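Chemist: This one is input-v6.csv, CSV, C-alpha atoms.
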chain,number,residue,atom,x,y,z
A,12,MET,CA,-22.4,-7.9,11.5
A,13,PRO,CA,-21.6,-11.1,13.2
A,14,PRO,CA,-17.9,-12.1,13.4
A,15,LEU,CA,-16.5,-13.8,10.3
A,16,ARG,CA,-13.6,-16.3,10.1
A,17,LEU,CA,-12.0,-16.3,6.7
A,18,VAL,CA,-10.6,-19.6,5.5
A,19,PRO,CA,-9.6,-20.2,1.9
A,20,VAL,CA,-11.2,-23.2,0.2
A,21,ARG,CA,-8.0,-25.0,-0.8
A,22,ASP,CA,-9.8,-27.6,-2.9
A,23,GLY,CA,-12.1,-25.2,-4.6
A,24,ALA,CA,-12.0,-24.0,-8.2
A,25,ARG,CA,-9.7,-21.0,-8.5
A,26,VAL,CA,-11.2,-17.6,-9.2
A,27,ALA,CA,-10.1,-15.3,-11.9
A,28,THR,CA,-9.2,-12.0,-10.2
A,29,THR,CA,-8.0,-8.7,-11.7
A,30,VAL,CA,-5.8,-6.4,-9.7
A,31,TRP,CA,-4.7,-3.1,-11.4
A,32,GLY,CA,-4.8,-4.9,-14.8
A,33,SER,CA,-3.0,-8.0,-13.6
A,34,GLN,CA,-4.7,-11.3,-14.0
A,35,VAL,CA,-4.4,-13.5,-10.9
A,36,THR,CA,-6.1,-16.8,-10.1
A,37,SER,CA,-7.0,-16.8,-6.5
A,38,LEU,CA,-8.5,-19.3,-4.0
A,39,PRO,CA,-12.1,-18.6,-3.1
A,40,ALA,CA,-13.4,-18.3,0.5
A,41,ALA,CA,-16.4,-20.2,1.7
A,42,ALA,CA,-19.8,-19.3,0.3
A,43,ALA,CA,-20.8,-18.1,3.8
A,44,ALA,CA,-18.0,-15.5,3.7
A,45,ASP,CA,-19.2,-14.3,0.3
A,46,ALA,CA,-22.7,-14.0,1.7
A,47,TRP,CA,-21.4,-12.0,4.7
A,48,ILE,CA,-19.5,-9.4,2.6
A,49,THR,CA,-22.3,-9.1,0.1
A,50,ARG,CA,-24.7,-8.4,2.9
A,51,PHE,CA,-22.3,-5.9,4.6
A,52,LEU,CA,-21.6,-4.0,1.3
A,53,GLY,CA,-25.2,-4.3,-0.1
A,54,GLN,CA,-23.9,-5.5,-3.4
A,55,PRO,CA,-22.4,-8.8,-4.7
A,56,ALA,CA,-18.8,-9.3,-3.5
A,57,ARG,CA,-16.4,-12.2,-2.9
A,58,PHE,CA,-13.5,-12.8,-0.6
A,59,VAL,CA,-10.4,-14.4,-2.3
A,60,HIS,CA,-7.1,-15.6,-1.0
A,61,MET,CA,-3.7,-15.1,-2.6
A,62,ASP,CA,-1.6,-18.3,-2.0
A,63,GLU,CA,1.8,-19.3,-3.5
A,64,ALA,CA,0.2,-20.3,-6.8
A,65,ALA,CA,-1.4,-16.9,-7.3
A,66,LEU,CA,1.7,-15.2,-8.6
A,67,ARG,CA,1.5,-11.5,-9.5
A,68,PRO,CA,4.9,-10.3,-10.7
A,69,ILE,CA,6.2,-6.8,-10.0
A,70,ASP,CA,6.5,-4.6,-13.1
A,71,PRO,CA,9.8,-5.9,-14.6
A,72,VAL,CA,10.9,-2.3,-15.3
A,73,TYR,CA,11.5,-1.9,-11.6
A,74,GLY,CA,12.9,-5.3,-10.7
A,75,ASP,CA,11.9,-8.9,-10.1
A,76,GLY,CA,9.7,-10.3,-7.4
A,77,ALA,CA,6.0,-10.6,-6.7
A,78,VAL,CA,3.4,-8.4,-5.1
A,79,SER,CA,0.1,-9.4,-3.4
A,80,TYR,CA,-3.2,-7.5,-3.9
A,81,ALA,CA,-1.4,-4.2,-3.2
A,82,ASP,CA,-1.3,-1.5,-5.8
A,83,GLY,CA,2.0,-2.4,-7.5
A,84,PHE,CA,4.8,-3.0,-5.0
A,85,PRO,CA,5.1,-5.1,-1.8
A,86,LEU,CA,5.8,-2.2,0.5
A,87,LEU,CA,5.4,1.6,0.9
A,88,LEU,CA,7.6,3.8,3.0
A,89,ILE,CA,7.0,7.3,4.1
A,90,SER,CA,9.0,9.5,6.5
A,91,ALA,CA,7.3,10.9,9.5
A,92,ALA,CA,8.8,14.3,8.6
A,93,ALA,CA,7.2,14.2,5.2
A,94,MET,CA,3.8,13.7,6.9
A,95,ASP,CA,4.6,16.5,9.4
A,96,GLY,CA,5.4,18.8,6.5
A,97,LEU,CA,2.2,18.0,4.7
A,98,ASN,CA,0.1,18.4,7.9
A,99,ALA,CA,1.7,21.9,8.4
A,100,ARG,CA,0.2,22.9,5.1
A,101,LEU,CA,-3.3,21.5,5.7
A,102,ALA,CA,-6.1,23.2,7.5
A,103,ARG,CA,-7.0,19.9,9.2
A,104,PRO,CA,-4.1,17.5,9.9
A,105,LEU,CA,-4.4,13.9,8.6
A,106,SER,CA,-3.2,10.6,9.9
A,107,VAL,CA,-0.4,9.0,7.9
A,108,LEU,CA,-2.8,6.1,7.5
A,109,ARG,CA,-4.6,8.0,4.8
A,110,PHE,CA,-1.6,7.0,2.6
A,111,ARG,CA,-1.6,3.3,3.7
A,112,PRO,CA,2.2,3.0,4.3
A,113,ASN,CA,3.7,-0.2,5.6
A,114,LEU,CA,6.7,1.6,7.0
A,115,VAL,CA,7.0,5.0,8.6
A,116,VAL,CA,10.5,6.2,9.3
A,117,ASP,CA,11.3,8.7,11.9
A,118,GLY,CA,14.5,10.7,12.6
A,119,VAL,CA,15.2,11.7,9.0
A,120,GLY,CA,14.3,14.9,7.0
A,121,ALA,CA,11.1,15.4,5.1
A,122,HIS,CA,11.2,13.3,1.9
A,123,ALA,CA,14.7,12.0,2.7
A,124,GLU,CA,13.4,8.7,1.3
A,125,ASP,CA,13.3,10.3,-2.2
A,126,GLY,CA,17.1,10.1,-2.4
A,127,TRP,CA,17.5,6.5,-1.2
A,128,THR,CA,17.9,3.6,-3.6
A,129,ARG,CA,18.6,0.8,-1.0
A,130,VAL,CA,18.0,0.5,2.7
A,131,ARG,CA,18.2,-2.0,5.5
A,132,ILE,CA,15.5,-2.1,8.2
A,133,GLY,CA,16.0,-4.6,10.9
A,134,GLU,CA,17.2,-7.8,9.2
A,135,VAL,CA,15.9,-7.0,5.7
A,136,ALA,CA,17.5,-5.1,2.8
A,137,PHE,CA,15.1,-3.3,0.4
A,138,ASP,CA,15.5,-1.7,-3.0
A,139,VAL,CA,13.8,1.7,-3.1
A,140,VAL,CA,12.4,1.4,-6.6
A,141,LYS,CA,10.1,4.4,-7.4
A,142,PRO,CA,8.1,7.2,-5.9
A,143,CYS,CA,4.5,6.3,-5.1
A,144,THR,CA,2.2,8.2,-7.4
A,145,ARG,CA,-0.8,9.3,-5.4
A,146,CYS,CA,-4.4,9.1,-6.6
A,147,VAL,CA,-7.8,10.4,-5.6
A,148,PHE,CA,-8.1,7.6,-3.1
A,149,THR,CA,-6.0,9.7,-0.7
A,150,THR,CA,-8.9,12.1,-0.6
A,151,VAL,CA,-11.2,9.5,1.0
A,152,ASP,CA,-11.6,9.5,4.8
A,153,PHE,CA,-11.4,5.8,5.3
A,154,GLU,CA,-13.1,6.0,8.7
A,155,ARG,CA,-16.2,7.7,7.3
A,156,GLY,CA,-16.0,6.4,3.7
A,157,VAL,CA,-16.4,9.9,2.2
A,158,ARG,CA,-14.3,12.0,-0.1
A,159,ASP,CA,-12.9,15.3,1.2
A,160,GLU,CA,-14.9,18.1,-0.4
A,161,ALA,CA,-11.8,20.3,-0.9
A,162,GLY,CA,-9.8,17.4,-2.5
A,163,GLU,CA,-7.3,17.2,0.3
A,164,PRO,CA,-4.6,16.2,0.7
A,165,LEU,CA,-4.1,15.8,-3.1
A,166,ARG,CA,-4.8,19.4,-3.7
A,167,THR,CA,-2.1,20.5,-1.3
A,168,LEU,CA,0.4,17.8,-2.5
A,169,THR,CA,-0.1,19.0,-6.1
A,170,GLY,CA,1.4,22.4,-5.1
A,171,TYR,CA,4.7,21.0,-4.0
A,172,ARG,CA,5.0,17.3,-4.9
A,173,ARG,CA,3.9,17.3,-8.6
A,174,GLY,CA,6.5,15.8,-11.0
A,175,PRO,CA,6.5,14.5,-14.5
A,176,ASP,CA,4.8,11.2,-13.4
A,177,GLY,CA,2.2,12.9,-11.2
A,178,VAL,CA,1.9,13.7,-7.6
A,179,THR,CA,4.2,11.6,-5.4
A,180,PHE,CA,4.4,10.9,-1.7
A,181,GLY,CA,6.4,8.0,-0.3
A,182,GLN,CA,8.6,5.4,-1.9
A,183,ASN,CA,7.8,1.9,-3.1
A,184,LEU,CA,10.1,-0.9,-1.8
A,185,ILE,CA,10.9,-4.4,-2.8
A,186,PRO,CA,12.4,-6.7,-0.1
A,187,ARG,CA,15.6,-8.5,-1.2
A,188,GLY,CA,15.5,-11.3,1.3
A,189,ALA,CA,13.6,-12.7,4.3
A,190,GLY,CA,13.9,-11.6,7.9
A,191,ARG,CA,12.2,-9.7,10.7
A,192,ILE,CA,11.5,-6.1,10.9
A,193,GLY,CA,9.8,-4.3,13.8
A,194,VAL,CA,8.8,-1.1,15.4
A,195,GLY,CA,11.9,0.8,16.5
A,196,ASP,CA,14.3,-1.1,14.2
A,197,PRO,CA,17.2,1.1,12.9
A,198,VAL,CA,17.1,2.2,9.3
A,199,GLU,CA,20.4,2.1,7.5
A,200,VAL,CA,20.7,3.8,4.1
A,201,LEU,CA,22.8,1.6,2.0
A,202,ALA,CA,22.7,3.6,-1.2
Using structure tokens, write down the structure that the file contains.
Modeler:
Amino acid sequence: MPPLRLVPVRDGARVATTVWGSQVTSLPAAAAADAWITRFLGQPARFVHMDEAALRPIDPVYGDGAVSYADGFPLLLISAAAMDGLNARLARPLSVLRFRPNLVVDGVGAHAEDGWTRVRIGEVAFDVVKPCTRCVFTTVDFERGVRDEAGEPLRTLTGYRRGPDGVTFGQNLIPRGAGRIGVGDPVEVLA
């Protein structure tokens, strides 16, 4: 495919978008971008942009704030040791990218993040609000676009990470302020 430059159409009519049951009105991209993604996928599709007016609130049970087009929370944190522990149980190790974390923390025990309620990373404090319940999407090899025939890693996670709410791996975070975070920043457990 030729390169594509995505630019929202700021004066265009907003597009009704549904994300995990949440209704969001998004800015459309140019018609040429829609034609590009439709051609690439082989089925009708559109690009949309979430600007400041496209508010999608976090589930109020877990706090206040907003989330983008992500599943349910702004950020996902996984410890490197948790990933190492999972890989030690798998026949074929996986990349942590299979779980789509925003933050990977090193230097702590496997699943240490399960006991945290508040952390500071770099300049930003975060509430650790709930475990991330994992779905069948974790079984899809994103590089090849195919599902793992054995149902991994979900099958293995079910054996040791199943709780009352399902299979969990990683923790959802809500930032409680603005600031910079970067690779190598210290992680301070506040609570």
Chemist: Looking at only C-alpha atoms, which of A:Arg100, A:Val30, A:Asp117, A:Ala43 is the one that sits closest to Tyr80 in chain A?
Modeler: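 The closest residue to Tyr80 in chain A is A:Val30.
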Chemist: Considering all atoms listed in the file, state which residue in the set A:Gln34, A:Asn113, A:Gln54, A:Ser106 is at the smallest distance from Leu86 in chain A.
Modeler: A:Asn113
Chemist: I want to know what sits within 9 Å of range 141-145 of chain A, based on all atoms listed in the file, with residues of the same chain fewer than 2 positions away left out; could you give that as an mmCIF file with C-alpha atoms, in the coordinates of the input?
Modeler:
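Writing done, so here's part.cif:
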data_model
loop_
_atom_site.group_PDB
_atom_site.id
_atom_site.type_symbol
_atom_site.label_atom_id
_atom_site.label_comp_id
_atom_site.auth_asym_id
_atom_site.auth_seq_id
_atom_site.Cartn_x
_atom_site.Cartn_y
_atom_site.Cartn_z
ATOM 1 C CA TYR A 73 11.500 -1.900 -11.600
ATOM 2 C CA LEU A 87 5.400 1.600 0.900
ATOM 3 C CA PHE A 110 -1.600 7.000 2.600
ATOM 4 C CA ASP A 125 13.300 10.300 -2.200
ATOM 5 C CA THR A 128 17.900 3.600 -3.600
ATOM 6 C CA VAL A 139 13.800 1.700 -3.100
ATOM 7 C CA VAL A 147 -7.800 10.400 -5.600
ATOM 8 C CA PHE A 148 -8.100 7.600 -3.100
ATOM 9 C CA THR A 149 -6.000 9.700 -0.700
ATOM 10 C CA LEU A 165 -4.100 15.800 -3.100
ATOM 11 C CA ASP A 176 4.800 11.200 -13.400
ATOM 12 C CA GLY A 177 2.200 12.900 -11.200
ATOM 13 C CA VAL A 178 1.900 13.700 -7.600
ATOM 14 C CA THR A 179 4.200 11.600 -5.400
ATOM 15 C CA PHE A 180 4.400 10.900 -1.700
ATOM 16 C CA GLY A 181 6.400 8.000 -0.300
ATOM 17 C CA GLN A 182 8.600 5.400 -1.900
ATOM 18 C CA ASN A 183 7.800 1.900 -3.100
ATOM 19 C CA LEU A 184 10.100 -0.900 -1.800
#
Chemist: Distance CA of Gly195 in chain A-CA of Leu114 in chain A, one decimal place?
Modeler: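 Taking CA of Gly195 in chain A and CA of Leu114 in chain A, their separation equals 10.9 Å.
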Chemist: Per residue of range 63-107 of chain A within 12 Å of range 14-25 of chain A, record the nearest atom pair and its distance in Å to one decimal, counting only C-alpha atoms, with rows in chain order and ascending residue number, as a tab-separated table.
Modeler:
residue	atom	partner	partner_atom	distance
A:Glu63	CA	A:Arg21	CA	11.7
A:Ala64	CA	A:Arg25	CA	10.1
A:Ala65	CA	A:Arg25	CA	9.3
Chemist: Write out as a PyMOL selection string which residues come within 10 Å of Val194 in chain A when counting only C-alpha atoms, dropping same-chain ones fewer than 4 positions away.
Modeler: chain A and resi 114-116+132-133
Chemist: Here is a test: counting only C-alpha atoms, which residue of A:Ala202, A:Ile185, A:Ile192, A:Val130 is nearest to Gly74 in chain A?
Modeler: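 Comparing A:Ala202, A:Ile185, A:Ile192, A:Val130 against Gly74 in chain A, the winner is A:Ile185.
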Chemist: Please return as a PDB file with C-alpha atoms, in the coordinates of the input every residue within 8 Å of (12.4, 14.6, 9.8), taking into account all atoms listed in the file and the file's own coordinates.
Modeler:
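Dumped to point16.pdb:
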ATOM      1  CA  SER A  90       9.000   9.500   6.500  1.00  0.00           C
ATOM      2  CA  ALA A  91       7.300  10.900   9.500  1.00  0.00           C
ATOM      3  CA  ALA A  92       8.800  14.300   8.600  1.00  0.00           C
ATOM      4  CA  ALA A  93       7.200  14.200   5.200  1.00  0.00           C
ATOM      5  CA  ASP A 117      11.300   8.700  11.900  1.00  0.00           C
ATOM      6  CA  GLY A 118      14.500  10.700  12.600  1.00  0.00           C
ATOM      7  CA  VAL A 119      15.200  11.700   9.000  1.00  0.00           C
ATOM      8  CA  GLY A 120      14.300  14.900   7.000  1.00  0.00           C
ATOM      9  CA  ALA A 121      11.100  15.400   5.100  1.00  0.00           C
ATOM     10  CA  ALA A 123      14.700  12.000   2.700  1.00  0.00           C
TER      11      ALA A 123
END
Chemist: To one decimal place in Å, what is the distance between CA of Leu201 in chain A and CA of Asp138 in chain A?
Modeler: 9.4 Å
Chemist: In Å to one decimal, how far is CA of Gly76 in chain A from CA of Asp62 in chain A?
Modeler: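 According to the coordinates, CA of Asp62 in chain A and CA of Gly76 in chain A are separated by 14.9 Å.
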Chemist: Under the rule that only C-alpha atoms are counted, which of A:Phe51, A:Thr150, A:His122, A:Ser37 is the nearest residue to Gly96 in chain A?
Modeler: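 Selected residue with least distance to Gly96 in chain A: A:His122.
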Chemist: Given the choices A:Pro85, A:Asp159, A:Pro55, A:Val200, which gets closest to Ile69 in chain A if the distance is worked out from all atoms listed in the file?
Modeler: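 When distances to Ile69 in chain A are compared using all atoms listed in the file, the smallest one comes from A:Pro85.
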Chemist: Please list as a PDB file with C-alpha atoms, in the frame of the given file every residue within 8 Å of Phe58 in chain A, counting all atoms listed in the file and excluding residues in the same chain fewer than 6 positions away.
Modeler:
ATOM      1  CA  PRO A  39     -12.100 -18.600  -3.100  1.00  0.00           C
ATOM      2  CA  ALA A  40     -13.400 -18.300   0.500  1.00  0.00           C
ATOM      3  CA  ALA A  44     -18.000 -15.500   3.700  1.00  0.00           C
ATOM      4  CA  ASP A  45     -19.200 -14.300   0.300  1.00  0.00           C
ATOM      5  CA  ILE A  48     -19.500  -9.400   2.600  1.00  0.00           C
TER       6      ILE A  48
END
Chemist: Could you check which of A:Thr169, A:Arg109, A:Arg129, A:Glu124 is closest to Gly156 in chain A, using only C-alpha atoms?
Modeler: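 The closest residue to Gly156 in chain A is A:Arg109.
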Chemist: Can you write range 18-144 of chain A from the block above with C-alpha atoms, as a PDB file, in the first residue's frame?
Modeler:
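Once everything was written out, this is decode29.pdb:
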ATOM      1  CA  VAL A  18      -5.420  14.117   9.200  1.00  0.00           C
ATOM      2  CA  PRO A  19      -8.778  14.614  10.912  1.00  0.00           C
ATOM      3  CA  VAL A  20     -11.358  16.677   9.056  1.00  0.00           C
ATOM      4  CA  ARG A  21     -11.941  19.289  11.766  1.00  0.00           C
ATOM      5  CA  ASP A  22     -14.837  20.953   9.954  1.00  0.00           C
ATOM      6  CA  GLY A  23     -16.491  17.677   8.956  1.00  0.00           C
ATOM      7  CA  ALA A  24     -19.633  16.177  10.421  1.00  0.00           C
ATOM      8  CA  ARG A  25     -18.862  14.099  13.498  1.00  0.00           C
ATOM      9  CA  VAL A  26     -19.145  10.326  13.175  1.00  0.00           C
ATOM     10  CA  ALA A  27     -21.087   8.173  15.640  1.00  0.00           C
ATOM     11  CA  THR A  28     -18.628   5.557  16.916  1.00  0.00           C
ATOM     12  CA  THR A  29     -19.131   2.693  19.361  1.00  0.00           C
ATOM     13  CA  VAL A  30     -16.234   1.467  21.497  1.00  0.00           C
ATOM     14  CA  TRP A  31     -16.989  -1.431  23.853  1.00  0.00           C
ATOM     15  CA  GLY A  32     -20.581  -0.230  24.179  1.00  0.00           C
ATOM     16  CA  SER A  33     -19.660   3.440  24.715  1.00  0.00           C
ATOM     17  CA  GLN A  34     -21.066   5.946  22.234  1.00  0.00           C
ATOM     18  CA  VAL A  35     -18.466   8.480  21.068  1.00  0.00           C
ATOM     19  CA  THR A  36     -18.769  11.146  18.390  1.00  0.00           C
ATOM     20  CA  SER A  37     -15.467  11.241  16.543  1.00  0.00           C
ATOM     21  CA  LEU A  38     -13.926  13.413  13.849  1.00  0.00           C
ATOM     22  CA  PRO A  39     -13.731  11.737  10.449  1.00  0.00           C
ATOM     23  CA  ALA A  40     -10.565  11.400   8.409  1.00  0.00           C
ATOM     24  CA  ALA A  41     -10.489  12.426   4.762  1.00  0.00           C
ATOM     25  CA  ALA A  42     -12.384  10.269   2.265  1.00  0.00           C
ATOM     26  CA  ALA A  43      -9.038   9.247   0.714  1.00  0.00           C
ATOM     27  CA  ALA A  44      -8.008   7.705   4.056  1.00  0.00           C
ATOM     28  CA  ASP A  45     -11.250   5.728   4.213  1.00  0.00           C
ATOM     29  CA  ALA A  46     -10.656   4.473   0.666  1.00  0.00           C
ATOM     30  CA  TRP A  47      -7.095   3.453   1.627  1.00  0.00           C
ATOM     31  CA  ILE A  48      -8.124   1.381   4.699  1.00  0.00           C
ATOM     32  CA  THR A  49     -11.107  -0.107   2.842  1.00  0.00           C
ATOM     33  CA  ARG A  50      -8.800  -1.261   0.056  1.00  0.00           C
ATOM     34  CA  PHE A  51      -6.240  -2.627   2.536  1.00  0.00           C
ATOM     35  CA  LEU A  52      -8.812  -4.586   4.575  1.00  0.00           C
ATOM     36  CA  GLY A  53     -10.949  -5.633   1.632  1.00  0.00           C
ATOM     37  CA  GLN A  54     -14.116  -4.432   3.369  1.00  0.00           C
ATOM     38  CA  PRO A  55     -15.672  -1.053   4.148  1.00  0.00           C
ATOM     39  CA  ALA A  56     -13.864   0.764   6.980  1.00  0.00           C
ATOM     40  CA  ARG A  57     -13.228   4.292   8.224  1.00  0.00           C
ATOM     41  CA  PHE A  58     -10.572   6.150  10.148  1.00  0.00           C
ATOM     42  CA  VAL A  59     -11.788   8.410  12.930  1.00  0.00           C
ATOM     43  CA  HIS A  60     -10.003  10.727  15.349  1.00  0.00           C
ATOM     44  CA  MET A  61     -10.735  11.225  19.031  1.00  0.00           C
ATOM     45  CA  ASP A  62     -10.319  14.888  19.895  1.00  0.00           C
ATOM     46  CA  GLU A  63     -11.126  16.762  23.119  1.00  0.00           C
ATOM     47  CA  ALA A  64     -14.849  16.829  22.273  1.00  0.00           C
ATOM     48  CA  ALA A  65     -15.013  13.045  21.874  1.00  0.00           C
ATOM     49  CA  LEU A  66     -15.292  12.289  25.568  1.00  0.00           C
ATOM     50  CA  ARG A  67     -15.445   8.663  26.671  1.00  0.00           C
ATOM     51  CA  PRO A  68     -15.607   8.440  30.472  1.00  0.00           C
ATOM     52  CA  ILE A  69     -13.967   5.690  32.490  1.00  0.00           C
ATOM     53  CA  ASP A  70     -16.381   3.337  34.242  1.00  0.00           C
ATOM     54  CA  PRO A  71     -17.316   5.440  37.307  1.00  0.00           C
ATOM     55  CA  VAL A  72     -17.077   2.348  39.522  1.00  0.00           C
ATOM     56  CA  TYR A  73     -13.285   2.663  39.168  1.00  0.00           C
ATOM     57  CA  GLY A  74     -12.809   6.408  39.241  1.00  0.00           C
ATOM     58  CA  ASP A  75     -13.132   9.522  37.179  1.00  0.00           C
ATOM     59  CA  GLY A  76     -11.374  10.479  34.011  1.00  0.00           C
ATOM     60  CA  ALA A  77     -11.548   9.636  30.357  1.00  0.00           C
ATOM     61  CA  VAL A  78     -10.246   6.901  28.102  1.00  0.00           C
ATOM     62  CA  SER A  79      -9.534   6.942  24.378  1.00  0.00           C
ATOM     63  CA  TYR A  80     -10.396   4.095  22.023  1.00  0.00           C
ATOM     64  CA  ALA A  81      -8.594   1.671  24.362  1.00  0.00           C
ATOM     65  CA  ASP A  82     -10.596  -1.157  25.927  1.00  0.00           C
ATOM     66  CA  GLY A  83     -11.623   0.483  29.175  1.00  0.00           C
ATOM     67  CA  PHE A  84      -8.766   2.306  30.880  1.00  0.00           C
ATOM     68  CA  PRO A  85      -6.043   4.704  29.762  1.00  0.00           C
ATOM     69  CA  LEU A  86      -3.047   2.472  30.551  1.00  0.00           C
ATOM     70  CA  LEU A  87      -2.103  -1.156  31.129  1.00  0.00           C
ATOM     71  CA  LEU A  88       0.900  -2.205  33.229  1.00  0.00           C
ATOM     72  CA  ILE A  89       2.519  -5.665  33.300  1.00  0.00           C
ATOM     73  CA  SER A  90       5.626  -6.742  35.194  1.00  0.00           C
ATOM     74  CA  ALA A  91       8.412  -8.299  33.150  1.00  0.00           C
ATOM     75  CA  ALA A  92       8.603 -11.084  35.754  1.00  0.00           C
ATOM     76  CA  ALA A  93       4.924 -11.950  35.186  1.00  0.00           C
ATOM     77  CA  MET A  94       5.663 -12.301  31.477  1.00  0.00           C
ATOM     78  CA  ASP A  95       8.754 -14.397  32.234  1.00  0.00           C
ATOM     79  CA  GLY A  96       6.632 -16.646  34.465  1.00  0.00           C
ATOM     80  CA  LEU A  97       4.055 -17.132  31.734  1.00  0.00           C
ATOM     81  CA  ASN A  98       6.719 -17.843  29.123  1.00  0.00           C
ATOM     82  CA  ALA A  99       8.291 -20.472  31.410  1.00  0.00           C
ATOM     83  CA  ARG A 100       4.941 -22.319  31.259  1.00  0.00           C
ATOM     84  CA  LEU A 101       4.478 -22.070  27.480  1.00  0.00           C
ATOM     85  CA  ALA A 102       5.887 -24.391  24.833  1.00  0.00           C
ATOM     86  CA  ARG A 103       6.652 -21.337  22.662  1.00  0.00           C
ATOM     87  CA  PRO A 104       7.513 -18.070  24.471  1.00  0.00           C
ATOM     88  CA  LEU A 105       5.532 -14.997  23.467  1.00  0.00           C
ATOM     89  CA  SER A 106       6.345 -11.317  23.296  1.00  0.00           C
ATOM     90  CA  VAL A 107       4.768  -9.115  25.956  1.00  0.00           C
ATOM     91  CA  LEU A 108       3.295  -7.215  23.004  1.00  0.00           C
ATOM     92  CA  ARG A 109       0.671  -9.960  22.736  1.00  0.00           C
ATOM     93  CA  PHE A 110      -0.941  -8.283  25.779  1.00  0.00           C
ATOM     94  CA  ARG A 111      -0.628  -4.703  24.454  1.00  0.00           C
ATOM     95  CA  PRO A 112       0.750  -3.099  27.653  1.00  0.00           C
ATOM     96  CA  ASN A 113       1.660   0.568  27.753  1.00  0.00           C
ATOM     97  CA  LEU A 114       4.067   0.015  30.641  1.00  0.00           C
ATOM     98  CA  VAL A 115       6.332  -2.937  31.442  1.00  0.00           C
ATOM     99  CA  VAL A 116       7.964  -2.796  34.873  1.00  0.00           C
ATOM    100  CA  ASP A 117      11.207  -4.628  35.601  1.00  0.00           C
ATOM    101  CA  GLY A 118      12.899  -5.330  38.916  1.00  0.00           C
ATOM    102  CA  VAL A 119       9.803  -6.556  40.789  1.00  0.00           C
ATOM    103  CA  GLY A 120       8.422 -10.033  41.436  1.00  0.00           C
ATOM    104  CA  ALA A 121       5.948 -11.736  39.137  1.00  0.00           C
ATOM    105  CA  HIS A 122       2.517 -10.157  39.526  1.00  0.00           C
ATOM    106  CA  ALA A 123       3.757  -7.694  42.173  1.00  0.00           C
ATOM    107  CA  GLU A 124       1.476  -5.203  40.431  1.00  0.00           C
ATOM    108  CA  ASP A 125      -1.536  -7.175  41.702  1.00  0.00           C
ATOM    109  CA  GLY A 126      -0.899  -5.769  45.186  1.00  0.00           C
ATOM    110  CA  TRP A 127      -0.437  -2.136  44.198  1.00  0.00           C
ATOM    111  CA  THR A 128      -3.137   0.532  44.452  1.00  0.00           C
ATOM    112  CA  ARG A 129      -1.084   3.638  43.620  1.00  0.00           C
ATOM    113  CA  VAL A 130       2.293   4.113  41.919  1.00  0.00           C
ATOM    114  CA  ARG A 131       4.490   6.904  40.634  1.00  0.00           C
ATOM    115  CA  ILE A 132       6.391   6.433  37.400  1.00  0.00           C
ATOM    116  CA  GLY A 133       8.625   9.299  36.421  1.00  0.00           C
ATOM    117  CA  GLU A 134       6.653  12.484  37.085  1.00  0.00           C
ATOM    118  CA  VAL A 135       3.188  10.898  37.089  1.00  0.00           C
ATOM    119  CA  ALA A 136       1.148   9.244  39.839  1.00  0.00           C
ATOM    120  CA  PHE A 137      -1.298   6.535  38.807  1.00  0.00           C
ATOM    121  CA  ASP A 138      -4.175   4.765  40.504  1.00  0.00           C
ATOM    122  CA  VAL A 139      -3.960   1.015  39.945  1.00  0.00           C
ATOM    123  CA  VAL A 140      -7.684   0.397  39.593  1.00  0.00           C
ATOM    124  CA  LYS A 141      -8.336  -3.195  38.533  1.00  0.00           C
ATOM    125  CA  PRO A 142      -6.818  -6.319  37.045  1.00  0.00           C
ATOM    126  CA  CYS A 143      -7.052  -6.582  33.280  1.00  0.00           C
ATOM    127  CA  THR A 144      -9.406  -9.398  32.337  1.00  0.00           C
TER     128      THR A 144
END
